[in-house]
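Student: Sharing a structure here in C-alpha cells format.
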Amino acid sequence: MNYKFLFSEQQLGAVELPHRIVMAPLTRSRATQPGDIPNDMNAEYYGQRVSAALIIAEATYILPQGKGYAFTPGIYSQDQIDGWKKVTDTVHQKGGRIFLQLWHVGRVSHSSLQAEGVLPVAPSAIAVTEGQAFTEQGMIDFETPRALETDEIPGIVEAYRQAAINAKAAGFDGVEIHAANGYLLEQFLKEGTNKRTDRYGGNFENRSRIVLEVTKAVTDVWGGDRVGIRLSPTGTFNSMTESEPQALYNYLVEQLNPFNLAYIHIVERFGIAKDADDNGFDFAKLRQLFNGAYIANGGYTGEAAEQSLVADESDLVAFGVPFIANPDFPERIKQNAELNAPDFDTFYGGDAKGYTDYPSL
Ligand code: PHB
C-alpha cells in the first residue's frame, strides 16, 4: 500500500509534525522506586521511538492521590521533573516531539497505593466492579472510594495546573489531559459514576464542569495550541456507563472549542476489541463539531489509518501496542515490513526485557 496521506506533514496546534503516525500513551510501570521517578531506561525507550510524529508519553499522575498503579511515574516532585527532563532531552536530541499525559485515576486505585492508606477518591462512592487494582503486593480487589467534597475540587484543578507547570519545566512540547478510560475526569463525565447533586453532577453542564476547569487551568499554562485532550465516549473500561454518549460528548466538544486546543484524541475502541462497544456512535460528528485536529485511536492498522485519512475521517492516527513491539513502527509501515509480535507478559512492570529490547529493522 502507498501511504501518501499517512506520510504527509501536519500542523498540530503550535507543533509541526513530519507525518500522521502518533505514539499513543502506554502505561509500562517502570519508574524508579521509591518516588515513581522516570529513569535512564525510560529515556532510552522513548528515544528509540522518536520516529513517531508525536510521542504522547505514558499516563503520569499529577499528585499522590491520583496514583492508581504500582511503578507508574508522577509529575509533582522535583526528582520526577528531573527524571522526565532526561526523557525529553533524549527525545529532542534525536529530533522527536513529546507531550506528557496528565492523569488522576480517581477510584481506579487502592488504599495501599495512597498516602497513609486512605481510600481513593471519586465523584461518588461507587466502586469499580470488574478487574482488580495493580498494587506492589499484586492484584487486589477495588474498594469503594470516598466521594469528593465540593470544596476539594478546586484543589484537584490546581494540581493539574501545577502538573502542567512541572511538565513545562521538564521540557515537554505540550500536554494531553487524560479524560478517558474510566479515570477521574471520565468518572465525572459519565452518569454511572457521577451521582452528585452539587454543581459537578447532574446535567451535561455540571458533569463537564471539572473537565472544563482543568482545561482552563492547563491552557493558562501552555496556551491551547500545545494542549490536547483524550476522550473515550463509548468506552466501558473500568466499569463505565453512559446512556447518552453522543449528546454528552457533542456538548463537551463544543464547550472545549473556546480553548483552541491542538487536538482531541479519541479512543474509538479500547485495544483491539474492534467495535465491541461503539454502538453506532458518530465519531465524525465530534470531528465536525471540534475546531482542532482529530486523532483517531483504537486497533488501527497502517491500511486502516491511511483509509481513515483518505476518507477525511481523521487528521492523525495514534497507535499503542504496535509501538510497544516496534520502536521503528512508522518505517515498518512505510516499507510494508513485518511487525514484531508484542509480548503481553512484559507490558506492565519489569526491566529492559519487553521494553527496550525489541529490534528495529
Ligand atoms: C492501564 O494501565 O491499563 C491503563 C492506563 C491508562 C489508560 C488505560 C489503561 O488510559
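By order in the C-alpha cells, chains are A, B, ...; within a chain, residues start at 1; ligands start at 1, following the order shown.
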Excluding segment 320-323 of chain A and its own-chain neighbours fewer than 4 positions away, which residues fall within 8 Å of it when counting only C-alpha atoms? Please give them as a list in words.

Tutor: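 Everything that qualifies: Met23, Ala24, Pro25, Leu26, Arg49, Pro327, Asp328, Phe329, Leu339 and Pro342 of chain A.
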
Student: Please identify the strand (DSSP E) residues within segment 92-306 of chain A (assignment by DSSP from backbone atoms) and present them as a ChimeraX atom specification.

Tutor: /A:98-103,121-122,133-135,138-140,146-147,174-179,227-231,263-267,293-297

Student: Dump the neighbourhood of ligand 1 as a ChimeraX atom specification: all residues within 6 Å, distances computed on only C-alpha atoms and all ligand atoms.

Tutor: /A:27,59,181

Student: Would you mind telling me which residue in A:Thr197, A:Asn250, A:Gln48, A:Gln33 lies nearest to Asn326 of chain A when using only C-alpha atoms?

Tutor: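 The closest residue to Asn326 of chain A is A:Gln48.
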
Student: Let me make sure I understand: among A:Asn194, A:Thr150, A:Asn291, A:Thr72, which one has the smallest atom-to-atom distance to Thr135 of chain A if we use only C-alpha atoms?

Tutor: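 Using only C-alpha atoms, the shortest distance to Thr135 of chain A belongs to A:Thr72.
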
Student: Figure out the distance between atom CA of Val157 of chain A and atom CA of Gln246 of chain A, please, to one decimal in Å.

Tutor: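 If I compute the distance from atom CA of Gln246 of chain A to atom CA of Val157 of chain A, I get 25.7 Å.
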
Student: Can you build me a table of segment 49-101 of chain A residues sitting at most 12 Å from segment 113-116 of chain A, with the closest atom pair per residue and its distance in Å to one decimal, using only C-alpha atoms, sorted by chain and residue number, as JSON lines?

Tutor:
{"residue": "A:Leu63", "atom": "CA", "partner": "A:Gln114", "partner_atom": "CA", "distance": 10.3}
{"residue": "A:Pro64", "atom": "CA", "partner": "A:Gln114", "partner_atom": "CA", "distance": 6.8}
{"residue": "A:Gln65", "atom": "CA", "partner": "A:Gln114", "partner_atom": "CA", "distance": 6.1}
{"residue": "A:Gly66", "atom": "CA", "partner": "A:Gln114", "partner_atom": "CA", "distance": 8.5}
{"residue": "A:Lys67", "atom": "CA", "partner": "A:Leu113", "partner_atom": "CA", "distance": 6.8}
{"residue": "A:Gly68", "atom": "CA", "partner": "A:Leu113", "partner_atom": "CA", "distance": 6.7}
{"residue": "A:Tyr69", "atom": "CA", "partner": "A:Leu113", "partner_atom": "CA", "distance": 7.3}
{"residue": "A:Ala70", "atom": "CA", "partner": "A:Leu113", "partner_atom": "CA", "distance": 7.2}
{"residue": "A:Phe71", "atom": "CA", "partner": "A:Leu113", "partner_atom": "CA", "distance": 10.0}
{"residue": "A:Thr72", "atom": "CA", "partner": "A:Leu113", "partner_atom": "CA", "distance": 10.8}

Student: With only C-alpha atoms as the counted atoms, please give the residues lying no more than 7 Å from Leu100 of chain A, apart from itself and same-chain residues fewer than 4 positions off, as a PDB file with N, CA, C and O atoms, in the first residue's frame.

Tutor:
ATOM      1  N   ILE A  56       3.152  10.653  22.709  1.00  0.00           N
ATOM      2  CA  ILE A  56       2.397  11.063  23.895  1.00  0.00           C
ATOM      3  C   ILE A  56       2.863  10.115  24.994  1.00  0.00           C
ATOM      4  O   ILE A  56       2.587   8.908  24.952  1.00  0.00           O
ATOM      5  N   ALA A  57       3.633  10.656  25.944  1.00  0.00           N
ATOM      6  CA  ALA A  57       4.216   9.825  26.987  1.00  0.00           C
ATOM      7  C   ALA A  57       3.104   9.240  27.858  1.00  0.00           C
ATOM      8  O   ALA A  57       1.986   9.750  27.911  1.00  0.00           O
ATOM      9  N   ALA A 167       5.406  20.018  33.882  1.00  0.00           N
ATOM     10  CA  ALA A 167       5.689  19.404  32.576  1.00  0.00           C
ATOM     11  C   ALA A 167       6.487  20.370  31.703  1.00  0.00           C
ATOM     12  O   ALA A 167       7.352  19.955  30.925  1.00  0.00           O
ATOM     13  N   PHE A 172       8.803  19.209  28.187  1.00  0.00           N
ATOM     14  CA  PHE A 172       7.859  18.653  27.210  1.00  0.00           C
ATOM     15  C   PHE A 172       7.462  19.703  26.177  1.00  0.00           C
ATOM     16  O   PHE A 172       7.616  20.914  26.410  1.00  0.00           O
ATOM     17  N   GLY A 174       4.319  19.823  25.082  1.00  0.00           N
ATOM     18  CA  GLY A 174       2.906  20.082  25.323  1.00  0.00           C
ATOM     19  C   GLY A 174       2.374  19.013  26.256  1.00  0.00           C
ATOM     20  O   GLY A 174       3.130  18.153  26.730  1.00  0.00           O
ATOM     21  N   VAL A 175       1.084  19.088  26.533  1.00  0.00           N
ATOM     22  CA  VAL A 175       0.470  18.098  27.424  1.00  0.00           C
ATOM     23  C   VAL A 175      -0.876  17.633  26.878  1.00  0.00           C
ATOM     24  O   VAL A 175      -1.542  18.355  26.119  1.00  0.00           O
ATOM     25  N   GLU A 176      -1.236  16.424  27.285  1.00  0.00           N
ATOM     26  CA  GLU A 176      -2.551  15.865  26.958  1.00  0.00           C
ATOM     27  C   GLU A 176      -3.302  15.636  28.265  1.00  0.00           C
ATOM     28  O   GLU A 176      -2.774  14.991  29.182  1.00  0.00           O
TER      29      GLU A 176
END

Student: What gap, in Å, lies between atom CA of Leu289 of chain A and atom CA of Gly228 of chain A?

Tutor: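 Atom CA of Leu289 of chain A sits 15.5 Å away from atom CA of Gly228 of chain A.
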
Student: If you run DSSP on this backbone, which residues of segment 96-290 of chain A come out as helix (DSSP H, G or I), and could you give them as a PyMOL selection string?

Tutor: chain A and resi 111-113+115-117+150-169+184-189+191-193+204-222+224-226+245-259+283-289

Student: Show me a table, sorted first by chain and then by increasing residue number, of the residues of segment 190-223 of chain A having an atom at most 10 Å from segment 236-242 of chain A, each with its shortest atom pair and the distance in Å to one decimal, counting only C-alpha atoms and written as JSON lines.

Tutor:
{"residue": "A:Lys190", "atom": "CA", "partner": "A:Glu242", "partner_atom": "CA", "distance": 5.2}
{"residue": "A:Glu191", "atom": "CA", "partner": "A:Glu242", "partner_atom": "CA", "distance": 5.5}
{"residue": "A:Gly192", "atom": "CA", "partner": "A:Thr241", "partner_atom": "CA", "distance": 5.0}
{"residue": "A:Thr193", "atom": "CA", "partner": "A:Met240", "partner_atom": "CA", "distance": 7.0}

Student: Give me a file of those residues, with N, CA, C and O atoms, as an mmCIF file, in the first residue's frame.

Tutor:
data_model
loop_
_atom_site.group_PDB
_atom_site.id
_atom_site.type_symbol
_atom_site.label_atom_id
_atom_site.label_comp_id
_atom_site.auth_asym_id
_atom_site.auth_seq_id
_atom_site.Cartn_x
_atom_site.Cartn_y
_atom_site.Cartn_z
ATOM 1 N N LYS A 190 -19.382 10.696 33.024
ATOM 2 C CA LYS A 190 -20.380 9.659 32.740
ATOM 3 C C LYS A 190 -21.310 9.396 33.930
ATOM 4 O O LYS A 190 -20.888 9.391 35.083
ATOM 5 N N GLU A 191 -22.568 9.140 33.611
ATOM 6 C CA GLU A 191 -23.611 9.099 34.640
ATOM 7 C C GLU A 191 -23.470 7.948 35.633
ATOM 8 O O GLU A 191 -23.863 8.082 36.784
ATOM 9 N N GLY A 192 -22.904 6.808 35.189
ATOM 10 C CA GLY A 192 -22.830 5.642 36.078
ATOM 11 C C GLY A 192 -21.989 5.889 37.311
ATOM 12 O O GLY A 192 -22.204 5.262 38.366
ATOM 13 N N THR A 193 -21.017 6.781 37.213
ATOM 14 C CA THR A 193 -20.080 7.052 38.303
ATOM 15 C C THR A 193 -20.295 8.403 38.959
ATOM 16 O O THR A 193 -19.585 8.753 39.899
#

Student: What are the closest atom pairs, with distances in Å to one decimal, for each residue of segment 111-142 of chain A lying within 12 Å of segment 347-357 of chain A, using only C-alpha atoms, rows by chain and rising residue number, as JSON lines?

Tutor:
{"residue": "A:Phe134", "atom": "CA", "partner": "A:Tyr348", "partner_atom": "CA", "distance": 9.5}
{"residue": "A:Thr135", "atom": "CA", "partner": "A:Gly349", "partner_atom": "CA", "distance": 10.9}
{"residue": "A:Glu136", "atom": "CA", "partner": "A:Gly349", "partner_atom": "CA", "distance": 10.2}
{"residue": "A:Gly138", "atom": "CA", "partner": "A:Gly349", "partner_atom": "CA", "distance": 11.2}

Student: So, counting only C-alpha atoms, which residue among A:Gln101, A:Thr129, A:Asn166, A:Gln11 is closest to Tyr76 of chain A?

Tutor: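 Of A:Gln101, A:Thr129, A:Asn166, A:Gln11, the one nearest Tyr76 of chain A is A:Asn166, counting only C-alpha atoms.
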